[in-house]
>>> print(open('protein-v9.txt').read())   # compact mmCIF, C-alpha atoms (C1' of nucleotides)
# COMPACT_ATOMS: atom_id res chain seq x y z
CA MET A 16 391.09 -25.94 239.84
CA ASP A 17 387.41 -25.18 239.87
CA THR A 18 384.93 -26.98 242.10
CA GLY A 19 382.90 -28.42 239.26
CA LEU A 20 385.89 -30.26 237.87
CA LEU A 21 386.94 -31.51 241.30
CA ASN A 22 383.47 -32.87 241.87
CA GLU A 23 383.81 -34.67 238.57
CA VAL A 24 387.16 -36.20 239.45
CA PHE A 25 386.05 -37.44 242.84
CA GLN A 26 382.39 -37.97 242.10
CA GLU A 27 382.27 -41.47 243.54
CA ALA A 28 383.61 -40.39 246.94
CA SER A 29 382.01 -37.77 249.13
CA PHE A 30 384.55 -35.16 250.11
CA SER A 31 383.83 -31.89 251.84
CA ARG A 32 384.45 -28.58 250.08
CA ALA A 33 387.53 -28.05 252.23
CA GLU A 34 388.91 -31.48 251.43
CA LEU A 35 388.38 -30.99 247.72
CA SER A 36 390.19 -27.73 247.83
CA THR A 37 393.15 -29.32 249.66
CA VAL A 38 393.36 -31.97 246.98
CA GLY A 39 392.83 -29.45 244.20
CA ALA A 40 395.87 -27.50 245.34
CA CYS A 41 398.00 -30.57 244.62
CA LEU A 42 396.71 -31.19 241.11
CA LYS A 43 398.55 -29.59 238.24
CA LYS A 44 397.02 -29.22 234.80
CA ILE A 45 399.06 -30.54 231.88
CA ASP A 46 398.24 -30.14 228.19
CA LEU A 47 399.80 -32.52 225.70
CA LYS A 48 399.52 -32.84 221.96
CA LYS A 49 398.88 -36.04 220.07
CA GLY A 50 402.12 -37.98 219.84
CA GLU A 51 403.73 -36.49 222.92
CA VAL A 52 405.19 -38.87 225.47
CA LEU A 53 404.08 -38.65 229.07
CA LEU A 54 406.34 -41.37 230.45
CA ARG A 55 409.27 -43.17 228.95
CA LYS A 56 410.40 -46.68 229.86
CA GLY A 57 413.25 -46.38 232.36
CA ASP A 58 412.03 -43.10 233.86
CA THR A 59 411.33 -42.90 237.53
CA VAL A 60 407.64 -42.33 238.04
CA ALA A 61 406.80 -39.37 240.25
CA TYR A 62 403.21 -38.81 239.14
CA THR A 63 399.85 -40.35 238.48
CA HIS A 64 397.50 -38.60 236.08
CA TYR A 65 393.80 -38.01 235.80
CA VAL A 66 392.59 -37.77 232.19
CA HIS A 67 390.17 -34.91 231.68
CA ARG A 68 390.15 -34.87 227.88
CA GLY A 69 391.79 -36.89 225.11
CA CYS A 70 393.27 -40.37 225.05
CA LEU A 71 396.54 -42.06 226.01
CA ARG A 72 397.95 -45.55 225.88
CA SER A 73 400.58 -47.39 227.88
CA PHE A 74 402.73 -49.81 225.93
CA VAL A 75 405.93 -51.82 225.78
CA VAL A 76 408.13 -52.59 222.79
CA ASP A 77 409.72 -56.02 222.77
CA GLU A 78 413.17 -56.98 221.45
CA SER A 79 411.83 -57.80 218.02
CA GLY A 80 410.38 -54.31 217.81
CA LYS A 81 406.78 -55.34 218.26
CA ASP A 82 404.53 -52.89 220.06
CA HIS A 83 402.15 -54.09 222.78
CA THR A 84 399.45 -51.79 224.10
CA LEU A 85 398.72 -52.54 227.74
CA GLN A 86 395.99 -50.02 228.48
CA PHE A 87 394.09 -47.13 227.05
CA ALA A 88 392.99 -44.21 229.19
CA ILE A 89 390.20 -41.83 228.27
CA LYS A 90 388.21 -39.21 230.17
CA ASP A 91 387.85 -40.02 233.83
CA TRP A 92 390.60 -42.63 234.00
CA TRP A 93 393.79 -42.43 236.00
CA ILE A 94 396.99 -43.57 234.33
CA SER A 95 400.58 -44.22 235.38
CA ASP A 96 403.00 -47.13 235.69
CA TYR A 97 401.67 -48.04 239.11
CA THR A 98 404.22 -50.70 239.90
CA ALA A 99 406.99 -48.17 239.37
CA PHE A 100 404.97 -45.36 240.93
CA PHE A 101 404.69 -47.27 244.19
CA THR A 102 408.02 -49.05 244.32
CA GLY A 103 410.23 -46.26 243.00
CA ASP A 104 411.69 -48.58 240.38
CA ALA A 105 412.26 -47.52 236.79
CA ALA A 106 409.16 -47.60 234.57
CA MET A 107 408.65 -50.87 232.70
CA MET A 108 406.31 -49.25 230.18
CA SER A 109 405.91 -46.03 228.24
CA ILE A 110 402.84 -43.82 228.00
CA GLU A 111 401.99 -41.62 225.02
CA CYS A 112 399.11 -39.43 223.87
CA ILE A 113 397.18 -40.66 220.90
CA GLN A 114 394.99 -37.55 220.93
CA ASN A 115 395.43 -34.02 222.22
CA THR A 116 395.00 -34.47 225.91
CA THR A 117 394.41 -32.56 229.14
CA LEU A 118 395.60 -34.18 232.34
CA TYR A 119 395.77 -33.32 236.01
CA ARG A 120 398.81 -34.81 237.66
CA LEU A 121 399.38 -35.72 241.29
CA SER A 122 402.81 -36.42 242.70
CA ARG A 123 403.64 -39.39 244.88
CA LYS A 124 404.89 -37.02 247.54
CA ASP A 125 401.70 -34.97 247.66
CA MET A 126 399.72 -38.16 247.64
CA GLU A 127 401.48 -39.43 250.76
CA GLN A 128 400.74 -36.16 252.51
CA LEU A 129 397.11 -36.13 251.38
CA TYR A 130 396.69 -39.65 252.74
CA LEU A 131 397.65 -38.31 256.16
CA ASP A 132 395.38 -35.27 255.90
CA ILE A 133 392.39 -37.00 254.31
CA PRO A 134 392.22 -40.72 255.11
CA LYS A 135 389.17 -41.17 252.90
CA LEU A 136 391.40 -40.36 249.95
CA GLU A 137 393.53 -43.42 250.59
CA THR A 138 390.41 -45.55 250.36
CA PHE A 139 389.42 -43.78 247.16
CA PHE A 140 392.73 -44.54 245.47
CA ARG A 141 393.06 -48.01 246.95
CA LYS A 142 389.74 -48.92 245.37
CA LYS A 143 390.86 -47.48 242.05
CA LEU A 144 393.99 -49.57 242.26
CA GLU A 145 392.14 -52.73 243.21
CA LYS A 146 389.76 -52.28 240.30
CA ARG A 147 392.69 -51.75 237.99
CA MET A 148 394.48 -54.84 239.25
CA ALA A 149 391.38 -56.97 238.89
CA ALA A 150 390.82 -55.65 235.35
CA PHE A 151 394.42 -56.39 234.44
CA HIS A 152 394.04 -59.83 235.91
CA ARG A 153 390.87 -60.53 233.95
CA ARG A 154 392.50 -59.31 230.77
CA THR A 155 395.49 -61.56 231.33
CA LEU A 156 393.30 -64.58 231.94
CA GLY A 157 391.20 -63.65 228.91
CA ASN A 158 394.30 -63.53 226.74
CA LEU A 159 395.24 -67.01 227.86
CA ALA A 160 391.80 -68.42 227.27
CA MET A 161 390.25 -66.72 224.24
CA PRO A 162 391.01 -66.67 220.52
CA ALA A 163 391.48 -63.30 218.81
CA LYS A 164 387.92 -62.92 217.59
CA GLU A 165 386.48 -63.31 221.06
CA ARG A 166 389.10 -61.01 222.55
CA TYR A 167 388.04 -58.37 220.04
CA GLN A 168 384.37 -58.82 220.85
CA ALA A 169 385.09 -58.60 224.56
CA PHE A 170 387.09 -55.44 223.98
CA VAL A 171 384.33 -53.76 221.97
CA LYS A 172 381.79 -54.70 224.57
CA THR A 173 383.86 -53.55 227.53
CA TYR A 174 385.27 -50.37 226.01
CA PRO A 175 382.87 -49.22 223.25
CA SER A 176 383.91 -45.60 223.59
CA ILE A 177 387.57 -46.45 223.23
CA GLU A 178 387.00 -48.64 220.21
CA GLN A 179 385.55 -45.63 218.39
CA GLN A 180 388.33 -43.28 219.33
CA VAL A 181 391.54 -45.12 218.56
CA LYS A 182 393.22 -46.29 215.38
CA ASN A 183 392.94 -49.87 214.25
CA TYR A 184 396.63 -50.54 214.73
CA HIS A 185 396.36 -49.56 218.37
CA ILE A 186 393.47 -51.91 218.90
CA ALA A 187 395.40 -54.66 217.15
CA SER A 188 398.41 -53.96 219.35
CA TYR A 189 396.14 -54.17 222.42
CA LEU A 190 394.67 -57.48 221.27
CA GLY A 191 398.08 -58.87 220.41
CA ILE A 192 397.37 -59.39 216.72
CA THR A 193 398.32 -57.68 213.45
CA THR A 194 396.23 -55.02 211.73
CA GLU A 195 395.60 -57.48 208.92
CA SER A 196 394.13 -60.04 211.26
CA LEU A 197 391.97 -57.43 212.93
CA SER A 198 390.72 -56.32 209.55
CA ARG A 199 389.76 -59.87 208.66
CA ILE A 200 388.08 -60.45 212.00
CA ARG A 201 385.98 -57.33 211.54
CA LYS A 202 384.98 -58.35 208.05
CA GLU A 203 383.86 -61.71 209.34
CA LEU A 204 381.77 -60.13 212.07
CA LEU A 205 379.70 -58.22 209.47
CA HIS A 206 377.98 -61.55 208.76
CA MET B 16 406.28 -72.37 266.42
CA ASP B 17 409.98 -72.60 267.19
CA THR B 18 412.36 -69.67 266.92
CA GLY B 19 414.51 -71.25 264.24
CA LEU B 20 411.61 -71.57 261.88
CA LEU B 21 410.37 -68.06 262.59
CA ASN B 22 413.81 -66.69 261.82
CA GLU B 23 413.66 -68.55 258.57
CA VAL B 24 410.27 -67.15 257.62
CA PHE B 25 411.20 -63.56 258.38
CA GLN B 26 414.88 -63.76 257.66
CA GLU B 27 414.93 -60.67 255.45
CA ALA B 28 413.41 -58.43 258.10
CA SER B 29 414.89 -57.86 261.53
CA PHE B 30 412.32 -58.54 264.19
CA SER B 31 412.96 -58.78 267.90
CA ARG B 32 412.44 -62.05 269.74
CA ALA B 33 409.24 -60.65 271.28
CA GLU B 34 407.90 -59.59 267.90
CA LEU B 35 408.65 -62.95 266.38
CA SER B 36 406.82 -64.69 269.16
CA THR B 37 403.77 -62.41 268.69
CA VAL B 38 403.70 -63.29 265.01
CA GLY B 39 404.38 -66.94 265.72
CA ALA B 40 401.28 -67.15 267.89
CA CYS B 41 399.17 -66.23 264.83
CA LEU B 42 400.65 -68.82 262.50
CA LYS B 43 398.96 -72.18 262.29
CA LYS B 44 400.63 -75.23 260.82
CA ILE B 45 398.76 -77.07 258.08
CA ASP B 46 399.76 -80.38 256.50
CA LEU B 47 398.34 -81.28 253.11
CA LYS B 48 398.82 -84.28 250.86
CA LYS B 49 399.55 -84.14 247.16
CA GLY B 50 396.34 -83.44 245.31
CA GLU B 51 394.55 -81.69 248.17
CA VAL B 52 392.97 -78.34 247.43
CA LEU B 53 393.88 -75.36 249.56
CA LEU B 54 391.58 -72.83 247.93
CA ARG B 55 388.72 -73.27 245.50
CA LYS B 56 387.54 -70.68 242.98
CA GLY B 57 384.58 -68.86 244.47
CA ASP B 58 385.72 -69.26 248.09
CA THR B 59 386.24 -66.23 250.22
CA VAL B 60 389.89 -65.95 251.09
CA ALA B 61 390.61 -65.62 254.78
CA TYR B 62 394.26 -66.71 254.81
CA THR B 63 397.62 -66.31 253.25
CA HIS B 64 400.09 -69.18 253.51
CA TYR B 65 403.80 -69.57 253.98
CA VAL B 66 405.20 -72.68 252.30
CA HIS B 67 407.64 -74.54 254.51
CA ARG B 68 407.87 -77.76 252.52
CA GLY B 69 406.36 -79.10 249.31
CA CYS B 70 404.90 -77.37 246.29
CA LEU B 71 401.59 -75.80 245.27
CA ARG B 72 400.20 -74.12 242.20
CA SER B 73 397.47 -71.56 241.61
CA PHE B 74 395.43 -72.03 238.48
CA VAL B 75 392.23 -71.22 236.58
CA VAL B 76 390.19 -73.43 234.28
CA ASP B 77 388.62 -71.68 231.30
CA GLU B 78 385.25 -72.41 229.66
CA SER B 79 386.75 -74.88 227.22
CA GLY B 80 388.18 -76.81 230.16
CA LYS B 81 391.77 -75.79 229.62
CA ASP B 82 393.91 -75.47 232.72
CA HIS B 83 396.16 -72.44 233.19
CA THR B 84 398.77 -72.41 235.91
CA LEU B 85 399.31 -68.90 237.21
CA GLN B 86 402.01 -69.48 239.79
CA PHE B 87 403.98 -72.13 241.57
CA ALA B 88 404.95 -71.81 245.21
CA ILE B 89 407.79 -73.74 246.82
CA LYS B 90 409.66 -73.45 250.12
CA ASP B 91 409.85 -69.90 251.41
CA TRP B 92 407.09 -68.49 249.19
CA TRP B 93 403.80 -67.03 250.32
CA ILE B 94 400.70 -67.98 248.39
CA SER B 95 397.06 -66.91 248.29
CA ASP B 96 394.65 -65.21 245.90
CA TYR B 97 395.80 -61.77 246.98
CA THR B 98 393.22 -59.80 245.07
CA ALA B 99 390.47 -61.70 246.85
CA PHE B 100 392.40 -61.79 250.12
CA PHE B 101 392.54 -58.00 250.24
CA THR B 102 389.20 -57.09 248.68
CA GLY B 103 387.04 -59.77 250.29
CA ASP B 104 385.73 -60.82 246.87
CA ALA B 105 385.36 -64.44 245.86
CA ALA B 106 388.56 -66.14 244.73
CA MET B 107 389.18 -66.00 240.98
CA MET B 108 391.63 -68.87 241.09
CA SER B 109 392.13 -72.21 242.81
CA ILE B 110 395.20 -73.47 244.65
CA GLU B 111 396.20 -77.11 244.97
CA CYS B 112 399.13 -79.11 246.30
CA ILE B 113 401.22 -80.90 243.73
CA GLN B 114 403.40 -82.42 246.46
CA ASN B 115 402.89 -83.24 250.11
CA THR B 116 403.11 -79.85 251.71
CA THR B 117 403.54 -78.12 255.06
CA LEU B 118 402.18 -74.60 255.33
CA TYR B 119 401.84 -71.96 258.01
CA ARG B 120 398.71 -69.93 257.53
CA LEU B 121 397.97 -66.38 258.68
CA SER B 122 394.45 -64.98 258.73
CA ARG B 123 393.51 -61.60 257.33
CA LYS B 124 392.13 -60.65 260.72
CA ASP B 125 395.31 -61.51 262.61
CA MET B 126 397.29 -59.76 259.95
CA GLU B 127 395.37 -56.50 260.47
CA GLN B 128 396.03 -56.72 264.20
CA LEU B 129 399.71 -57.54 263.72
CA TYR B 130 400.06 -54.51 261.46
CA LEU B 131 398.94 -52.36 264.37
CA ASP B 132 401.22 -54.08 266.88
CA ILE B 133 404.28 -54.38 264.63
CA PRO B 134 404.37 -51.71 261.90
CA LYS B 135 407.53 -53.21 260.42
CA LEU B 136 405.47 -56.24 259.48
CA GLU B 137 403.30 -54.19 257.16
CA THR B 138 406.41 -53.11 255.29
CA PHE B 139 407.58 -56.72 255.15
CA PHE B 140 404.36 -57.90 253.53
CA ARG B 141 403.93 -54.83 251.33
CA LYS B 142 407.33 -55.53 249.81
CA LYS B 143 406.41 -59.17 249.26
CA LEU B 144 403.26 -58.04 247.49
CA GLU B 145 405.04 -55.49 245.34
CA LYS B 146 407.58 -58.09 244.28
CA ARG B 147 404.80 -60.49 243.43
CA MET B 148 402.93 -57.91 241.40
CA ALA B 149 406.04 -56.92 239.50
CA ALA B 150 406.81 -60.58 238.76
CA PHE B 151 403.28 -61.17 237.53
CA HIS B 152 403.56 -58.08 235.38
CA ARG B 153 406.86 -59.19 233.87
CA ARG B 154 405.44 -62.61 233.18
CA THR B 155 402.43 -61.11 231.44
CA LEU B 156 404.60 -58.90 229.28
CA GLY B 157 406.80 -61.88 228.53
CA ASN B 158 403.81 -63.90 227.39
CA LEU B 159 402.82 -61.15 224.99
CA ALA B 160 406.29 -60.76 223.58
CA MET B 161 407.94 -64.17 223.47
CA PRO B 162 407.35 -67.39 221.54
CA ALA B 163 406.95 -70.62 223.52
CA LYS B 164 410.60 -71.67 223.28
CA GLU B 165 411.84 -68.44 224.80
CA ARG B 166 409.16 -68.49 227.48
CA TYR B 167 410.38 -71.93 228.46
CA GLN B 168 413.99 -70.82 228.57
CA ALA B 169 413.06 -67.82 230.67
CA PHE B 170 411.13 -70.06 233.03
CA VAL B 171 414.00 -72.49 233.49
CA LYS B 172 416.40 -69.63 234.09
CA THR B 173 414.15 -67.84 236.58
CA TYR B 174 412.87 -70.88 238.48
CA PRO B 175 415.39 -73.70 238.07
CA SER B 176 414.35 -75.36 241.32
CA ILE B 177 410.70 -75.40 240.31
CA GLU B 178 411.45 -76.80 236.88
CA GLN B 179 413.00 -79.83 238.54
CA GLN B 180 410.16 -80.40 240.97
CA VAL B 181 407.01 -80.23 238.90
CA LYS B 182 405.50 -82.41 236.19
CA ASN B 183 405.81 -81.48 232.56
CA TYR B 184 402.12 -80.93 232.15
CA HIS B 185 402.18 -78.35 234.90
CA ILE B 186 405.03 -76.52 233.25
CA ALA B 187 403.19 -76.68 229.94
CA SER B 188 400.08 -75.31 231.61
CA TYR B 189 402.17 -72.49 233.08
CA LEU B 190 403.69 -71.68 229.70
CA GLY B 191 400.33 -71.85 227.97
CA ILE B 192 401.22 -74.71 225.61
CA THR B 193 400.48 -78.44 225.36
CA THR B 194 402.70 -81.15 226.81
CA GLU B 195 403.47 -82.28 223.28
CA SER B 196 404.75 -78.85 222.33
CA LEU B 197 406.85 -78.66 225.48
CA SER B 198 408.31 -82.06 224.70
CA ARG B 199 409.29 -80.95 221.22
CA ILE B 200 410.76 -77.69 222.49
CA ARG B 201 412.91 -79.58 224.97
CA LYS B 202 414.12 -81.97 222.29
CA GLU B 203 415.10 -79.06 220.11
CA LEU B 204 417.07 -77.43 222.93
CA LEU B 205 419.29 -80.52 223.22
CA HIS B 206 420.89 -79.33 219.94
C1' DC C 26 397.00 -32.44 192.90
C1' DG C 27 400.06 -35.81 194.95
C1' DC C 28 401.98 -37.76 199.01
C1' DG C 29 401.79 -40.19 203.27
C1' DA C 30 399.16 -42.60 206.55
C1' DC C 31 395.78 -46.02 207.09
C1' DG C 32 393.06 -50.01 206.04
C1' DT C 33 391.99 -54.04 203.15
C1' DT C 34 392.75 -58.15 200.51
C1' DG C 35 395.29 -62.21 198.68
C1' DA C 36 399.00 -65.82 198.78
C1' DT C 37 402.02 -68.22 201.48
C1' DT C 38 404.26 -69.70 205.73
C1' DT C 39 404.61 -70.88 210.45
C1' DG C 40 403.92 -72.09 215.27
C1' DC C 41 401.27 -74.54 217.88
C1' DC C 42 397.20 -77.64 218.48
C1' DT C 43 394.65 -81.94 217.96
C1' DC C 44 394.38 -86.66 217.50
C1' DA C 45 396.48 -91.00 217.70
C1' DA C 46 399.89 -94.30 218.79
C1' DC C 47 403.48 -95.85 221.31
C1' DG C 48 407.69 -96.16 224.88
C1' DA C 49 409.07 -95.19 229.66
C1' DT C 50 408.37 -94.68 234.38
C1' DT C 51 405.92 -95.13 238.60
C1' DG C 52 403.07 -97.32 241.74
C1' DT C 53 400.49 -101.12 243.69
C1' DG C 54 398.41 -105.50 244.87
C1' DG C 55 399.19 -110.27 244.82
C1' DC D 26 409.71 -108.88 244.30
C1' DC D 27 407.52 -109.25 240.25
C1' DA D 28 403.49 -108.22 237.09
C1' DC D 29 400.48 -105.34 235.44
C1' DA D 30 398.10 -100.98 235.25
C1' DA D 31 398.10 -96.28 235.34
C1' DT D 32 400.44 -92.21 234.66
C1' DC D 33 403.57 -89.61 232.14
C1' DG D 34 406.37 -88.27 228.23
C1' DT D 35 407.56 -88.69 223.29
C1' DT D 36 406.80 -88.94 218.40
C1' DG D 37 404.26 -88.56 214.02
C1' DA D 38 400.57 -86.83 210.82
C1' DG D 39 397.46 -83.48 209.73
C1' DG D 40 394.98 -79.09 210.52
C1' DC D 41 394.05 -74.30 211.73
C1' DA D 42 394.59 -69.58 213.35
C1' DA D 43 397.26 -65.94 212.79
C1' DA D 44 401.76 -64.07 210.97
C1' DT D 45 404.35 -62.50 207.09
C1' DC D 46 404.97 -60.56 202.69
C1' DA D 47 403.23 -57.96 199.04
C1' DA D 48 400.03 -55.24 196.52
C1' DC D 49 396.44 -52.15 196.12
C1' DG D 50 392.34 -48.87 197.45
C1' DT D 51 391.11 -44.74 200.13
C1' DC D 52 391.11 -40.87 202.80
C1' DG D 53 392.94 -36.43 204.56
C1' DC D 54 395.87 -32.76 203.98
C1' DG D 55 400.04 -29.92 202.59
>>> encode(input="protein-v9.txt", output="structure tokens")
Amino acid sequence: MDTGLLNEVFQEASFSRAELSTVGACLKKIDLKKGEVLLRKGDTVAYTHYVHRGCLRSFVVDESGKDHTLQFAIKDWWISDYTAFFTGDAAMMSIECIQNTTLYRLSRKDMEQLYLDIPKLETFFRKKLEKRMAAFHRRTLGNLAMPAKERYQAFVKTYPSIEQQVKNYHIASYLGITTESLSRIRKELLH
Amino acid sequence: MDTGLLNEVFQEASFSRAELSTVGACLKKIDLKKGEVLLRKGDTVAYTHYVHRGCLRSFVVDESGKDHTLQFAIKDWWISDYTAFFTGDAAMMSIECIQNTTLYRLSRKDMEQLYLDIPKLETFFRKKLEKRMAAFHRRTLGNLAMPAKERYQAFVKTYPSIEQQVKNYHIASYLGITTESLSRIRKELLH
DNA sequence: CGCGACGTTGATTTGCCTCAACGATTGTGG
DNA sequence: CCACAATCGTTGAGGCAAATCAACGTCGCG
């Protein structure tokens, strides 16, 4: 992995050239086409993934067949089923590509070792995780509190770049409404 | 704190008598009456609490004044705003007693020190936290996927002892419905 | 060109909420 | 220990947001 890309991945932290190269040796590039599945519900989760290009979504399908998008991940995001990644349990969600995507994956095992070699890295990932948890928490509370129109507006405001990249039915599935309802909400918002 | 109680608190783990007494020295007993507030939204969170007797709930109030119960805690549970407890941010939720309650509290500072003295304790709490996160995750997914009647049935099945202890309006607030709706759901479930 | 995937629109239904009234239960002061 | 109030739970009527069902426009692509 080249230095420029590594600087991009870890831009927020300040790692030495040597540290970056240690980490870089553990990252493996993965190319996936639109529609390909990165993680299937029930799998054990050995990796977390940095998104360099493209877009993915994590989702669950309930008993009645309805599809619920939990998160999108675009450039510069990390994605995995973190509960399963850390506990070793089977994945509760699936992850698929909704565009052609380039990832760099990092295994749990390498991560443990890197934590020992480069303590700063543990802080880096802990902060990522805390941010993710807080975001998930906010989203959950938002879902409890807000009607669909406001949830949509909040989504557009928070993730403008995602809103432009993904299909309507994925946004609807993220908001927990049907494509028809989303269509009507959008119409209404054009005055 | 007496040995019997300490054995109860840490029953799942196997700590030596000396270790238990080290931990015990950091736990402080707190008695609270029904209605008293343990943690207020916006507070910084210095403690986590073991519930020895009674019942509490964590909750948020949204802009329209609606009350949303996030979790109940009865005997043998630990409760705090863990996101805030770990990050040092202001609490996003409040916690109040819904029965007269006896707690044992542990400060973040003592916890850090105990982790150094008794590494096994870190594992003990990490597992607690992972279980809590997974439960919260499942609940969130359940809320997305299930109608109110099924959410209620799932709640009764998962937490039968809580269902018997708390008021209907707290259960309704946990399920995200009104007391009227809960009343009607219950009626329907009696064939 | 024609087919499939996607988005929109309309008509109808449904689950839950709101508002309002009324029993039941609990608690408290006389 | 009773009386009365407050709290809590139930029931009914009416309304609304979003779902469902169904049909139709549009775009991209073999």
>>> atom_distance(input="protein-v9.txt", atom1="CA of Phe74 in chain B", atom2="CA of Arg55 in chain B")
9.8 Å
>>> atom_distance(input="protein-v9.txt", atom1="CA of Asp96 in chain A", atom2="CA of Asp46 in chain A")
19.2 Å
>>> interface_residues(input="protein-v9.txt", of="chain B", to="chain A", cutoff="9 Å", atoms="only C-alpha atoms", output="CSV table (one decimal) with C-alpha atoms, keeping the file's coordinate frame")
chain,number,residue,atom,x,y,z
B,75,VAL,CA,392.2,-71.2,236.6
B,76,VAL,CA,390.2,-73.4,234.3
B,77,ASP,CA,388.6,-71.7,231.3
B,78,GLU,CA,385.2,-72.4,229.7
B,79,SER,CA,386.8,-74.9,227.2
B,81,LYS,CA,391.8,-75.8,229.6
B,83,HIS,CA,396.2,-72.4,233.2
B,98,THR,CA,393.2,-59.8,245.1
B,101,PHE,CA,392.5,-58.0,250.2
B,102,THR,CA,389.2,-57.1,248.7
B,142,LYS,CA,407.3,-55.5,249.8
B,145,GLU,CA,405.0,-55.5,245.3
B,148,MET,CA,402.9,-57.9,241.4
B,149,ALA,CA,406.0,-56.9,239.5
B,152,HIS,CA,403.6,-58.1,235.4
B,153,ARG,CA,406.9,-59.2,233.9
B,155,THR,CA,402.4,-61.1,231.4
B,156,LEU,CA,404.6,-58.9,229.3
B,157,GLY,CA,406.8,-61.9,228.5
B,159,LEU,CA,402.8,-61.2,225.0
B,160,ALA,CA,406.3,-60.8,223.6
B,161,MET,CA,407.9,-64.2,223.5
B,191,GLY,CA,400.3,-71.8,228.0
>>> closest_atom_pairs(input="protein-v9.txt", of="chain D", to="chain A", cutoff="12 Å", atoms="only C-alpha atoms (C1' of nucleotides)", output="Markdown table")
| residue | atom | partner | partner_atom | distance |
| --- | --- | --- | --- | --- |
| D:DA42 | C1' | A:Pro162 | CA | 8.5 |
| D:DA43 | C1' | A:Ser196 | CA | 6.9 |
| D:DA44 | C1' | A:Thr193 | CA | 7.7 |
| D:DT45 | C1' | A:Thr193 | CA | 10.0 |
| D:DC46 | C1' | A:Glu195 | CA | 11.7 |
>>> write_last_selection(input="protein-v9.txt", atoms="C-alpha atoms (C1' of nucleotides)", output="PDB file, in the frame of the given file")
ATOM      1  C1'  DA D  42     394.590 -69.580 213.350  1.00  0.00           C
ATOM      2  C1'  DA D  43     397.260 -65.940 212.790  1.00  0.00           C
ATOM      3  C1'  DA D  44     401.760 -64.070 210.970  1.00  0.00           C
ATOM      4  C1'  DT D  45     404.350 -62.500 207.090  1.00  0.00           C
ATOM      5  C1'  DC D  46     404.970 -60.560 202.690  1.00  0.00           C
TER       6       DC D  46
END
>>> closest_atom_pairs(input="protein-v9.txt", of="chain C", to="chain A", cutoff="10 Å", atoms="only C-alpha atoms (C1' of nucleotides)", output="CSV")
residue,atom,partner,partner_atom,distance
C:DC31,C1',A:Asn183,CA,8.6
C:DG32,C1',A:Ser198,CA,7.6
C:DT33,C1',A:Ser198,CA,6.9
C:DT34,C1',A:Arg199,CA,8.8
>>> closest_residue(input="protein-v9.txt", among="D:DA30, D:DC54, D:DC41, D:DC49", to="DC26 in chain C", atoms="all atoms listed in the file")
D:DC54
>>> atom_distance(input="protein-v9.txt", atom1="CA of Leu204 in chain B", atom2="CA of Lys172 in chain B")
13.6 Å
>>> residues_around(input="protein-v9.txt", residues="DA38 in chain D", least_positions_apart="4", cutoff="12 Å", atoms="all atoms listed in the file", output="MDAnalysis selection string")
chainID C and resid 43:46
>>> residues_around(input="protein-v9.txt", residues="Glu23 in chain B", least_positions_apart="5", cutoff="12 Å", atoms="all atoms listed in the file", output="ChimeraX atom specification")
/B:16-18,28-30,35,39,65-67,90-92
>>> closest_residue(input="protein-v9.txt", among="A:Ser73, A:Asn115, A:Ser31, A:Asn22", to="His185 in chain A", atoms="only C-alpha atoms")
A:Ser73
>>> closest_residue(input="protein-v9.txt", among="A:Ala106, A:Leu136, A:Leu131, A:Leu118", to="Glu27 in chain A", atoms="all atoms listed in the file")
A:Leu136
>>> closest_residue(input="protein-v9.txt", among="B:Ile113, B:Ile94, B:Leu197, B:Cys70", to="DC42 in chain C", atoms="all atoms listed in the file")
B:Leu197
>>> residues_around(input="protein-v9.txt", residues="Arg123 in chain A", least_positions_apart="5", cutoff="8 Å", atoms="only C-alpha atoms (C1' of nucleotides)", output="PyMOL selection string")
chain A and resi 61-63+100-101
>>> write_last_selection(input="protein-v9.txt", atoms="C-alpha atoms", output="JSON list (two decimals), keeping the file's coordinate frame")
[["chain", "number", "residue", "atom", "x", "y", "z"],
["A", 61, "ALA", "CA", 406.80, -39.37, 240.25],
["A", 62, "TYR", "CA", 403.21, -38.81, 239.14],
["A", 63, "THR", "CA", 399.85, -40.35, 238.48],
["A", 100, "PHE", "CA", 404.97, -45.36, 240.93],
["A", 101, "PHE", "CA", 404.69, -47.27, 244.19]]
